[in-house]
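Shown below: input-v3.cif, with mmCIF, C-alpha atoms.
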```
data_input
loop_
_atom_site.group_PDB
_atom_site.id
_atom_site.type_symbol
_atom_site.label_atom_id
_atom_site.label_comp_id
_atom_site.auth_asym_id
_atom_site.auth_seq_id
_atom_site.Cartn_x
_atom_site.Cartn_y
_atom_site.Cartn_z
ATOM 1 C CA MET A 1 -12.839 14.572 23.526
ATOM 2 C CA LEU A 2 -11.714 10.940 23.692
ATOM 3 C CA GLU A 3 -8.234 10.196 24.997
ATOM 4 C CA VAL A 4 -6.575 6.784 25.167
ATOM 5 C CA ARG A 5 -3.292 6.617 27.076
ATOM 6 C CA ASP A 6 -0.928 3.649 27.244
ATOM 7 C CA VAL A 7 -3.787 1.150 27.063
ATOM 8 C CA THR A 8 -2.903 -2.552 27.200
ATOM 9 C CA LYS A 9 -5.092 -5.652 27.144
ATOM 10 C CA ARG A 10 -3.735 -9.180 27.514
ATOM 11 C CA TYR A 11 -5.232 -12.605 26.924
ATOM 12 C CA ASP A 12 -3.342 -15.682 28.134
ATOM 13 C CA GLY A 13 -0.292 -13.533 28.717
ATOM 14 C CA ARG A 14 -0.284 -12.119 25.180
ATOM 15 C CA ALA A 15 -0.885 -8.388 24.646
ATOM 16 C CA VAL A 16 -3.577 -8.043 21.966
ATOM 17 C CA VAL A 17 -3.497 -4.270 22.535
ATOM 18 C CA ASN A 18 -0.055 -3.050 23.546
ATOM 19 C CA ARG A 19 0.465 0.466 24.983
ATOM 20 C CA VAL A 20 -1.796 2.247 22.509
ATOM 21 C CA SER A 21 -2.163 6.021 22.898
ATOM 22 C CA PHE A 22 -4.199 8.423 20.779
ATOM 23 C CA GLU A 23 -6.825 11.141 20.961
ATOM 24 C CA VAL A 24 -10.012 11.827 19.023
ATOM 25 C CA ARG A 25 -10.800 15.517 18.773
ATOM 26 C CA PRO A 26 -14.247 17.091 19.021
ATOM 27 C CA GLY A 27 -16.182 17.081 15.759
ATOM 28 C CA GLU A 28 -13.721 15.044 13.692
ATOM 29 C CA ILE A 29 -14.098 11.758 11.847
ATOM 30 C CA PHE A 30 -11.263 9.543 13.059
ATOM 31 C CA ALA A 31 -10.284 6.255 11.409
ATOM 32 C CA LEU A 32 -9.209 3.139 13.293
ATOM 33 C CA LEU A 33 -7.404 0.813 10.888
ATOM 34 C CA GLY A 34 -5.743 -2.568 11.015
ATOM 35 C CA PRO A 35 -5.823 -6.050 9.508
ATOM 36 C CA ASN A 36 -8.026 -8.783 10.919
ATOM 37 C CA GLY A 37 -6.812 -9.777 14.385
ATOM 38 C CA ALA A 38 -4.890 -6.522 14.915
ATOM 39 C CA GLY A 39 -6.756 -5.669 18.123
ATOM 40 C CA LYS A 40 -9.269 -3.107 16.784
ATOM 41 C CA THR A 41 -12.385 -4.750 18.209
ATOM 42 C CA THR A 42 -10.730 -5.234 21.604
ATOM 43 C CA LEU A 43 -9.763 -1.567 21.608
ATOM 44 C CA ILE A 44 -13.311 -0.497 20.683
ATOM 45 C CA ARG A 45 -14.755 -2.691 23.427
ATOM 46 C CA MET A 46 -12.511 -0.969 25.959
ATOM 47 C CA ILE A 47 -13.575 2.461 24.692
ATOM 48 C CA THR A 48 -17.225 1.436 25.090
ATOM 49 C CA ASP A 49 -16.481 -0.021 28.559
ATOM 50 C CA ILE A 50 -17.480 -3.536 27.529
ATOM 51 C CA LEU A 51 -13.951 -4.624 28.470
ATOM 52 C CA LYS A 52 -11.609 -3.168 31.074
ATOM 53 C CA PRO A 53 -7.958 -2.489 30.176
ATOM 54 C CA ASP A 54 -5.192 -4.236 32.088
ATOM 55 C CA ALA A 55 -3.237 -0.981 32.066
ATOM 56 C CA GLY A 56 -3.686 2.588 30.889
ATOM 57 C CA THR A 57 -6.615 5.001 30.906
ATOM 58 C CA LEU A 58 -9.516 5.884 28.625
ATOM 59 C CA THR A 59 -11.319 9.171 29.205
ATOM 60 C CA LEU A 60 -14.201 11.056 27.604
ATOM 61 C CA ASP A 61 -14.057 14.800 28.255
ATOM 62 C CA GLY A 62 -11.496 14.088 30.944
ATOM 63 C CA GLU A 63 -13.657 11.568 32.812
ATOM 64 C CA PRO A 64 -13.275 7.772 32.751
ATOM 65 C CA VAL A 65 -15.391 6.050 30.096
ATOM 66 C CA GLY A 66 -18.310 4.033 31.400
ATOM 67 C CA GLY A 67 -20.990 4.729 33.971
ATOM 68 C CA ALA A 68 -23.282 7.602 33.051
ATOM 69 C CA ARG A 69 -20.925 8.552 30.187
ATOM 70 C CA LYS A 70 -22.126 5.513 28.235
ATOM 71 C CA ARG A 71 -25.157 7.522 27.155
ATOM 72 C CA ASP A 72 -22.813 9.897 25.328
ATOM 73 C CA VAL A 73 -21.571 7.050 23.106
ATOM 74 C CA GLY A 74 -23.392 5.292 20.275
ATOM 75 C CA TYR A 75 -21.927 2.009 19.038
ATOM 76 C CA LEU A 76 -22.526 0.144 15.793
ATOM 77 C CA PRO A 77 -20.841 -3.273 16.189
ATOM 78 C CA GLU A 78 -19.677 -5.300 13.216
ATOM 79 C CA GLU A 79 -21.897 -8.198 14.317
ATOM 80 C CA ARG A 80 -25.653 -7.733 14.145
ATOM 81 C CA GLY A 81 -27.542 -7.615 17.434
ATOM 82 C CA LEU A 82 -31.213 -7.001 16.633
ATOM 83 C CA TYR A 83 -34.265 -8.795 18.013
ATOM 84 C CA ARG A 84 -35.526 -10.529 14.898
ATOM 85 C CA SER A 85 -39.165 -11.122 15.911
ATOM 86 C CA ASP A 86 -39.819 -7.573 17.181
ATOM 87 C CA LYS A 87 -41.093 -4.729 15.040
ATOM 88 C CA VAL A 88 -38.409 -2.437 13.715
ATOM 89 C CA VAL A 89 -39.726 0.688 15.445
ATOM 90 C CA ASP A 90 -40.188 -1.153 18.757
ATOM 91 C CA THR A 91 -36.651 -2.516 18.639
ATOM 92 C CA LEU A 92 -35.243 0.927 18.012
ATOM 93 C CA ALA A 93 -37.411 2.564 20.686
ATOM 94 C CA TYR A 94 -36.205 -0.049 23.192
ATOM 95 C CA PHE A 95 -32.601 1.048 22.639
ATOM 96 C CA GLY A 96 -33.743 4.638 23.061
ATOM 97 C CA ARG A 97 -35.176 3.791 26.472
ATOM 98 C CA LEU A 98 -31.874 2.157 27.398
ATOM 99 C CA LYS A 99 -30.315 5.558 26.677
ATOM 100 C CA GLY A 100 -32.647 7.135 29.228
ATOM 101 C CA MET A 101 -35.366 8.397 26.880
ATOM 102 C CA LYS A 102 -39.036 8.291 27.888
ATOM 103 C CA ASP A 103 -41.260 5.921 25.909
ATOM 104 C CA ALA A 104 -43.017 8.532 23.754
ATOM 105 C CA GLU A 105 -39.752 10.363 23.130
ATOM 106 C CA ALA A 106 -38.006 7.106 22.141
ATOM 107 C CA LYS A 107 -40.775 6.137 19.706
ATOM 108 C CA ALA A 108 -40.772 9.583 18.092
ATOM 109 C CA ALA A 109 -36.989 9.536 17.744
ATOM 110 C CA ALA A 110 -37.098 5.996 16.318
ATOM 111 C CA ALA A 111 -39.671 7.002 13.710
ATOM 112 C CA ALA A 112 -37.644 10.074 12.704
ATOM 113 C CA LEU A 113 -34.441 8.063 12.322
ATOM 114 C CA LEU A 114 -36.147 5.354 10.277
ATOM 115 C CA GLU A 115 -37.563 8.008 7.981
ATOM 116 C CA ARG A 116 -34.078 9.518 7.557
ATOM 117 C CA VAL A 117 -32.648 6.160 6.447
ATOM 118 C CA GLU A 118 -35.653 5.584 4.167
ATOM 119 C CA LEU A 119 -37.153 2.734 6.198
ATOM 120 C CA ASP A 120 -40.339 4.480 7.359
ATOM 121 C CA GLU A 121 -42.488 2.066 5.333
ATOM 122 C CA TRP A 122 -40.864 -0.862 7.166
ATOM 123 C CA MET A 123 -41.085 0.363 10.757
ATOM 124 C CA GLN A 124 -44.068 -1.861 11.639
ATOM 125 C CA LYS A 125 -42.482 -4.975 10.103
ATOM 126 C CA PRO A 126 -40.562 -7.555 12.157
ATOM 127 C CA VAL A 127 -36.803 -7.224 11.836
ATOM 128 C CA GLN A 128 -36.465 -10.687 10.284
ATOM 129 C CA GLN A 129 -38.319 -9.499 7.162
ATOM 130 C CA LEU A 130 -35.653 -6.920 6.401
ATOM 131 C CA SER A 131 -32.747 -7.526 4.055
ATOM 132 C CA LYS A 132 -29.163 -7.506 5.291
ATOM 133 C CA GLY A 133 -28.660 -3.934 4.124
ATOM 134 C CA MET A 134 -31.904 -2.781 5.751
ATOM 135 C CA GLN A 135 -30.890 -4.363 9.045
ATOM 136 C CA GLN A 136 -27.565 -2.557 8.815
ATOM 137 C CA LYS A 137 -29.431 0.738 8.521
ATOM 138 C CA VAL A 138 -31.557 -0.154 11.561
ATOM 139 C CA GLN A 139 -28.371 -0.820 13.522
ATOM 140 C CA LEU A 140 -27.040 2.555 12.419
ATOM 141 C CA CYS A 141 -30.219 4.127 13.802
ATOM 142 C CA MET A 142 -29.689 2.143 17.003
ATOM 143 C CA ALA A 143 -26.261 3.769 17.368
ATOM 144 C CA MET A 144 -27.620 7.262 16.661
ATOM 145 C CA ILE A 145 -30.744 7.231 18.848
ATOM 146 C CA GLY A 146 -30.457 9.555 21.818
ATOM 147 C CA GLU A 147 -28.121 11.829 19.812
ATOM 148 C CA PRO A 148 -24.845 10.579 21.333
ATOM 149 C CA ARG A 149 -21.894 12.951 21.257
ATOM 150 C CA VAL A 150 -19.568 10.159 20.061
ATOM 151 C CA LEU A 151 -20.435 7.612 17.367
ATOM 152 C CA ILE A 152 -18.292 4.474 17.105
ATOM 153 C CA LEU A 153 -18.992 2.661 13.833
ATOM 154 C CA ASP A 154 -17.408 -0.728 13.115
ATOM 155 C CA GLU A 155 -17.679 -1.637 9.400
ATOM 156 C CA PRO A 156 -20.788 0.533 8.871
ATOM 157 C CA PHE A 157 -20.788 0.051 5.078
ATOM 158 C CA SER A 158 -21.164 -3.730 5.355
ATOM 159 C CA GLY A 159 -24.128 -5.006 3.321
ATOM 160 C CA LEU A 160 -24.987 -1.607 1.835
ATOM 161 C CA ASP A 161 -25.473 -1.057 -1.896
ATOM 162 C CA PRO A 162 -23.926 2.054 -3.540
ATOM 163 C CA VAL A 163 -27.106 4.123 -3.054
ATOM 164 C CA ASN A 164 -27.183 3.405 0.675
ATOM 165 C CA VAL A 165 -23.417 3.899 1.002
ATOM 166 C CA GLN A 166 -23.998 7.421 -0.319
ATOM 167 C CA LEU A 167 -26.895 7.874 2.112
ATOM 168 C CA LEU A 168 -24.693 6.828 5.035
ATOM 169 C CA GLU A 169 -21.993 9.267 3.939
ATOM 170 C CA GLN A 170 -24.569 12.074 3.897
ATOM 171 C CA ILE A 171 -25.702 11.132 7.404
ATOM 172 C CA LEU A 172 -22.127 11.114 8.694
ATOM 173 C CA HIS A 173 -21.573 14.598 7.272
ATOM 174 C CA GLU A 174 -24.822 15.763 8.902
ATOM 175 C CA ARG A 175 -23.838 14.333 12.271
ATOM 176 C CA ARG A 176 -20.413 15.863 12.075
ATOM 177 C CA ALA A 177 -21.885 19.265 11.180
ATOM 178 C CA ALA A 178 -24.093 18.944 14.267
ATOM 179 C CA GLY A 179 -20.999 18.453 16.436
ATOM 180 C CA THR A 180 -20.883 14.665 16.737
ATOM 181 C CA THR A 181 -17.444 13.064 16.961
ATOM 182 C CA ILE A 182 -17.117 9.882 14.888
ATOM 183 C CA LEU A 183 -14.719 6.961 15.287
ATOM 184 C CA LEU A 184 -14.853 4.877 12.107
ATOM 185 C CA SER A 185 -13.383 1.413 11.603
ATOM 186 C CA THR A 186 -13.557 -0.027 8.102
ATOM 187 C CA HIS A 187 -11.480 -1.920 5.552
ATOM 188 C CA GLN A 188 -12.762 0.318 2.739
ATOM 189 C CA MET A 189 -9.716 2.533 2.387
ATOM 190 C CA ASN A 190 -11.349 4.805 -0.189
ATOM 191 C CA LYS A 191 -13.956 5.776 2.409
ATOM 192 C CA ILE A 192 -11.224 6.618 4.895
ATOM 193 C CA GLU A 193 -9.603 8.892 2.317
ATOM 194 C CA GLU A 194 -12.919 10.572 1.509
ATOM 195 C CA LEU A 195 -14.335 10.987 5.011
ATOM 196 C CA CYS A 196 -11.655 10.977 7.705
ATOM 197 C CA ASP A 197 -9.439 13.703 9.117
ATOM 198 C CA ARG A 198 -6.928 11.530 10.966
ATOM 199 C CA ALA A 199 -6.176 7.845 11.353
ATOM 200 C CA LEU A 200 -4.568 5.328 13.664
ATOM 201 C CA MET A 201 -3.427 1.940 12.380
ATOM 202 C CA ILE A 202 -2.601 -0.896 14.713
ATOM 203 C CA HIS A 203 -0.917 -4.175 13.809
ATOM 204 C CA HIS A 204 -0.294 -7.065 16.209
ATOM 205 C CA GLY A 205 -1.679 -4.799 18.928
ATOM 206 C CA HIS A 206 0.914 -2.048 18.347
ATOM 207 C CA MET A 207 0.484 1.442 16.958
ATOM 208 C CA VAL A 208 2.187 1.585 13.570
ATOM 209 C CA LEU A 209 0.698 4.692 11.899
ATOM 210 C CA TYR A 210 -0.866 7.793 13.445
ATOM 211 C CA GLY A 211 -1.578 11.188 11.903
ATOM 212 C CA THR A 212 -3.676 13.002 9.348
ATOM 213 C CA VAL A 213 -4.733 10.834 6.434
ATOM 214 C CA GLY A 214 -3.018 13.097 3.900
ATOM 215 C CA GLU A 215 0.219 13.290 5.893
ATOM 216 C CA LEU A 216 0.414 9.496 6.251
ATOM 217 C CA ARG A 217 -0.041 9.031 2.500
ATOM 218 C CA ARG A 218 2.662 11.581 1.756
ATOM 219 C CA ARG A 219 5.105 10.362 4.422
ATOM 220 C CA TYR A 220 5.296 6.807 3.106
ATOM 221 C CA ALA A 221 4.946 7.480 -0.612
ATOM 222 C CA ASP A 222 7.696 6.377 -2.964
ATOM 223 C CA HIS A 223 10.210 9.013 -4.069
ATOM 224 C CA ALA A 224 8.277 9.571 -7.283
ATOM 225 C CA VAL A 225 6.203 11.968 -9.362
ATOM 226 C CA VAL A 226 3.196 11.449 -11.605
ATOM 227 C CA VAL A 227 3.085 13.163 -15.006
ATOM 228 C CA ARG A 228 0.426 13.377 -17.672
ATOM 229 C CA LEU A 229 1.560 14.034 -21.205
ATOM 230 C CA GLU A 230 -0.388 16.256 -23.563
ATOM 231 C CA ASN A 231 -2.532 14.615 -26.237
ATOM 232 C CA GLY A 232 -2.015 11.197 -24.655
ATOM 233 C CA ALA A 233 1.601 10.971 -25.786
ATOM 234 C CA ASP A 234 3.301 7.702 -24.905
ATOM 235 C CA GLY A 235 6.198 7.053 -22.578
ATOM 236 C CA PRO A 236 9.283 6.680 -24.808
ATOM 237 C CA ARG A 237 9.902 10.424 -24.533
ATOM 238 C CA LEU A 238 10.453 9.882 -20.810
ATOM 239 C CA ALA A 239 13.358 7.478 -21.299
ATOM 240 C CA GLY A 240 16.745 8.725 -20.190
ATOM 241 C CA ILE A 241 15.503 11.715 -18.207
ATOM 242 C CA THR A 242 18.212 12.707 -15.740
ATOM 243 C CA GLY A 243 17.369 11.555 -12.213
ATOM 244 C CA VAL A 244 14.592 9.167 -13.276
ATOM 245 C CA ARG A 245 15.231 5.548 -12.327
ATOM 246 C CA ASP A 246 12.048 4.048 -13.775
ATOM 247 C CA ALA A 247 8.930 5.101 -15.716
ATOM 248 C CA GLU A 248 5.766 3.014 -15.570
ATOM 249 C CA PRO A 249 2.225 3.627 -16.859
ATOM 250 C CA LEU A 250 -0.364 4.478 -14.229
ATOM 251 C CA ALA A 251 -4.036 4.751 -15.282
ATOM 252 C CA GLY A 252 -3.322 7.017 -18.246
ATOM 253 C CA ASP A 253 -0.487 8.860 -16.492
ATOM 254 C CA TRP A 254 3.163 7.972 -15.933
ATOM 255 C CA LYS A 255 4.790 7.342 -12.583
ATOM 256 C CA LEU A 256 8.440 8.360 -12.535
ATOM 257 C CA THR A 257 10.474 6.838 -9.708
ATOM 258 C CA LEU A 258 13.368 9.144 -8.903
ATOM 259 C CA GLU A 259 16.958 8.357 -8.079
ATOM 260 C CA PRO A 260 18.038 9.039 -4.474
ATOM 261 C CA GLY A 261 18.979 12.694 -4.039
ATOM 262 C CA THR A 262 17.023 13.814 -7.085
ATOM 263 C CA THR A 263 14.605 16.688 -6.543
ATOM 264 C CA GLN A 264 11.208 16.988 -8.151
ATOM 265 C CA SER A 265 12.065 20.460 -9.439
ATOM 266 C CA GLY A 266 15.174 19.052 -11.085
ATOM 267 C CA VAL A 267 13.163 16.380 -12.901
ATOM 268 C CA LEU A 268 10.592 18.971 -14.001
ATOM 269 C CA ARG A 269 13.383 21.147 -15.385
ATOM 270 C CA ALA A 270 14.869 18.140 -17.230
ATOM 271 C CA LEU A 271 11.489 17.329 -18.789
ATOM 272 C CA LEU A 272 10.980 20.905 -19.951
ATOM 273 C CA ASP A 273 14.541 21.090 -21.316
ATOM 274 C CA ARG A 274 13.718 18.062 -23.438
ATOM 275 C CA ASP A 275 10.502 19.769 -24.635
ATOM 276 C CA VAL A 276 8.273 17.071 -23.168
ATOM 277 C CA ALA A 277 4.713 18.424 -23.433
ATOM 278 C CA LEU A 278 3.247 18.121 -19.938
ATOM 279 C CA GLU A 279 -0.402 18.403 -19.047
ATOM 280 C CA SER A 280 0.260 17.872 -15.331
ATOM 281 C CA PHE A 281 3.112 17.162 -12.917
ATOM 282 C CA SER A 282 2.532 16.175 -9.287
ATOM 283 C CA HIS A 283 4.015 14.384 -6.305
ATOM 284 C CA ALA A 284 3.087 10.677 -6.222
ATOM 285 C CA ILE A 285 0.983 10.207 -3.088
ATOM 286 C CA MET A 286 0.505 6.629 -1.941
ATOM 287 C CA PRO A 287 -3.112 5.407 -1.870
ATOM 288 C CA LEU A 288 -4.111 4.446 1.644
ATOM 289 C CA GLU A 289 -4.862 0.916 0.491
ATOM 290 C CA ASP A 290 -1.271 0.512 -0.753
ATOM 291 C CA LEU A 291 0.024 1.865 2.549
ATOM 292 C CA PHE A 292 -2.178 -0.608 4.443
ATOM 293 C CA VAL A 293 -0.768 -3.518 2.416
ATOM 294 C CA LYS A 294 2.780 -2.235 2.897
ATOM 295 C CA VAL A 295 2.323 -2.168 6.668
ATOM 296 C CA VAL A 296 0.900 -5.691 6.801
ATOM 297 C CA ARG A 297 3.337 -7.327 4.374
ATOM 298 C CA GLU A 298 6.531 -5.496 5.296
ATOM 299 C CA GLY A 299 5.874 -4.830 8.982
ATOM 300 C CA LEU A 300 6.237 -1.087 8.534
ATOM 301 C CA GLY A 301 6.427 0.566 11.959
ATOM 302 C CA LEU A 302 6.987 -2.696 13.849
ATOM 303 C CA ASP A 303 10.592 -3.639 13.299
ATOM 304 C CA HIS A 304 12.191 -0.501 11.917
ATOM 305 C CA GLY A 305 13.636 1.132 15.011
ATOM 306 C CA ARG A 306 11.423 2.357 17.814
ATOM 307 C CA SER A 307 7.739 2.188 16.979
ATOM 308 C CA GLU A 308 5.252 4.871 18.004
ATOM 309 C CA ALA A 309 3.886 2.385 20.531
ATOM 310 C CA GLU A 310 7.249 2.473 22.324
ATOM 311 C CA ALA A 311 7.534 6.276 22.306
ATOM 312 C CA PRO A 312 6.608 8.381 25.324
ATOM 313 C CA VAL A 313 2.867 9.128 25.416
ATOM 314 C CA GLU A 314 3.433 12.890 25.183
ATOM 315 C CA GLU A 315 5.490 12.389 22.010
ATOM 316 C CA VAL A 316 2.864 10.191 20.385
ATOM 317 C CA LEU A 317 0.027 12.601 21.191
ATOM 318 C CA ARG A 318 1.922 15.701 20.088
#
```
Now that the file is in, can you turn its structure into structure tokens?
Amino acid sequence: MLEVRDVTKRYDGRAVVNRVSFEVRPGEIFALLGPNGAGKTTLIRMITDILKPDAGTLTLDGEPVGGARKRDVGYLPEERGLYRSDKVVDTLAYFGRLKGMKDAEAKAAAAALLERVELDEWMQKPVQQLSKGMQQKVQLCMAMIGEPRVLILDEPFSGLDPVNVQLLEQILHERRAAGTTILLSTHQMNKIEELCDRALMIHHGHMVLYGTVGELRRRYADHAVVVRLENGADGPRLAGITGVRDAEPLAGDWKLTLEPGTTQSGVLRALLDRDVALESFSHAIMPLEDLFVKVVREGLGLDHGRSEAEAPVEEVLR
């Protein structure tokens, strides 16, 4: 649905987005990741046609983004942009009219959205009377009004308490089930793991990670397994297991880092030969948050051979 090819944006001669290529498929929730200053907001502003790229193309259903296609895109920016003295329902209806809706249609849609986010009792209040979390929900409604085919959400969980985080998750699942494609940018890695199909991470303007969330976690995990011992047995029984370089406690389990060339099946066999009572045995998959930190601190994908950003576009998109 959305395709970005070799997109570059420069400021003062410096590329803040450098030859980025990816695609967002119909009906998926796609994560855009990166540390502060990585180029995410610049990339989003090019997708929404707020900024023009210096090179490369951005298309929606094969047509350039912008123009009449803007009505197909809903955008929740990280910064708030509501008219504080206007009534909530009037503010939302105004954005509906900007999407081409007639006045009565926009007001009806605004009221329905506010009811869905549990703000129907506040719709006649001025925006300035709403809390930070309430205003965030109004901005979410602003992005959704007009039923856009693509939702771009930049830090949508900001200011929300756990109850409203759960409400937002329910809404995202509903929108996805209805066929909406969602591009999600957030620093809450647990939400990426729970909600997203695939992810792109950029760092210093370059692509550094791109693929399914599960595949990325597996690809960069340590050569390790996680075991749980029956009856909460402690770790000394794990000492000296052939092929195990280190054993460390991990939230009630044990993480066994393996020696190079050691197979997981070989370690499992060695544990069973020693009559270690196992409750579970699994591959150690790296949490996305740990992978994020590894990229930022160690420059993963930037300096280790050719990065994805330097690969041919067809190879990156394959």
Explicit residue set for the PyMOL selection byres ((chain A and resi 57) around 7), as a ChimeraX atom specification: /A:4-7,55-56,58-59
A:Tyr75 surroundings by only C-alpha atoms, 9 Å radius, close-in-sequence under 3 positions cut, as a ChimeraX atom specification: /A:48,139-140,142-144,150-154
Between atom CA of A:Arg297 and atom CA of A:His206, distance in Å (one decimal): 15.1 Å
Output check: residues returned by the PyMOL selection byres ((chain A and resi 246-262) around 6), as a PyMOL selection string: chain A and resi 223-228+243-245+263
Expansion of the PyMOL selection byres ((chain A and resi 130-137) around 12) into residues, as a ChimeraX atom specification: /A:76-88,91-92,113-129,138-144,153-165,167-168,171
Proximity to A:Gly34 - best of A:Val267, A:Val17, A:Leu172, A:Ala108, all atoms listed in the file: A:Val17
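Distance-wise, atom CA of A:His204 and atom CA of A:Lys191 end up 23.3 Å apart.
Taking all atoms listed in the file into account, A:Asp72 lies nearest to A:Ile145 out of the set A:Ala110, A:Ile145, A:Ala38, A:Ile50.
Across the model, the gap from atom CA of A:Leu184 to atom CA of A:Met1 is 15.1 Å.
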From A:Glu194, A:Glu28, A:Asp12, A:Glu23, residue lying nearest A:Ile182 [all atoms listed in the file]: A:Glu28
Centre and edge lengths, as JSON, for the axis-aligned box enclosing every listed atom of stretch 72-86 of chain A with 4 Å of padding on each of the six sides, in Å to one decimal?
```
{"center_x": -29.7, "center_y": -0.6, "center_z": 19.3, "size_x": 28.1, "size_y": 29.0, "size_z": 20.1}
```
Nearest to A:Leu183 by atom-to-atom distance, counting all atoms listed in the file, from A:Gly39, A:Ile47, A:Lys102, A:Lys70: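 The closest residue to A:Leu183 is A:Ile47.
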A:Glu3, A:Ala15, A:Phe30, A:Asp90 ranked by distance to A:Gly62, top pick (using all atoms listed in the file):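 Ranking A:Glu3, A:Ala15, A:Phe30, A:Asp90 by distance to A:Gly62, first place goes to A:Glu3.
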Would you mind writing stretch 86-97 of chain A with N, CA and C atoms, as a short mmCIF file (atom, residue, chain, number, x, y, z; two decimals), in the coordinates of the input?
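The new file rebuild_16.cif reads:
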```cif
data_model
loop_
_atom_site.label_atom_id
_atom_site.label_comp_id
_atom_site.auth_asym_id
_atom_site.auth_seq_id
_atom_site.Cartn_x
_atom_site.Cartn_y
_atom_site.Cartn_z
N ASP A 86 -39.18 -8.83 16.79
CA ASP A 86 -39.82 -7.57 17.18
C ASP A 86 -39.97 -6.64 15.99
N LYS A 87 -40.92 -5.73 16.08
CA LYS A 87 -41.09 -4.73 15.04
C LYS A 87 -39.89 -3.79 15.04
N VAL A 88 -39.58 -3.30 13.87
CA VAL A 88 -38.41 -2.44 13.72
C VAL A 88 -38.49 -1.23 14.63
N VAL A 89 -39.61 -0.52 14.64
CA VAL A 89 -39.73 0.69 15.44
C VAL A 89 -39.67 0.36 16.93
N ASP A 90 -40.22 -0.78 17.34
CA ASP A 90 -40.19 -1.15 18.76
C ASP A 90 -38.76 -1.49 19.20
N THR A 91 -38.04 -2.19 18.33
CA THR A 91 -36.65 -2.52 18.64
C THR A 91 -35.83 -1.25 18.84
N LEU A 92 -36.01 -0.31 17.94
CA LEU A 92 -35.24 0.93 18.01
C LEU A 92 -35.65 1.76 19.23
N ALA A 93 -36.95 1.81 19.52
CA ALA A 93 -37.41 2.56 20.69
C ALA A 93 -36.88 1.95 21.98
N TYR A 94 -36.75 0.63 22.01
CA TYR A 94 -36.20 -0.05 23.19
C TYR A 94 -34.78 0.45 23.48
N PHE A 95 -33.96 0.56 22.43
CA PHE A 95 -32.60 1.05 22.64
C PHE A 95 -32.60 2.51 23.05
N GLY A 96 -33.61 3.26 22.60
CA GLY A 96 -33.74 4.64 23.06
C GLY A 96 -34.02 4.71 24.55
N ARG A 97 -34.88 3.81 25.04
CA ARG A 97 -35.18 3.79 26.47
C ARG A 97 -33.94 3.40 27.28
#
```
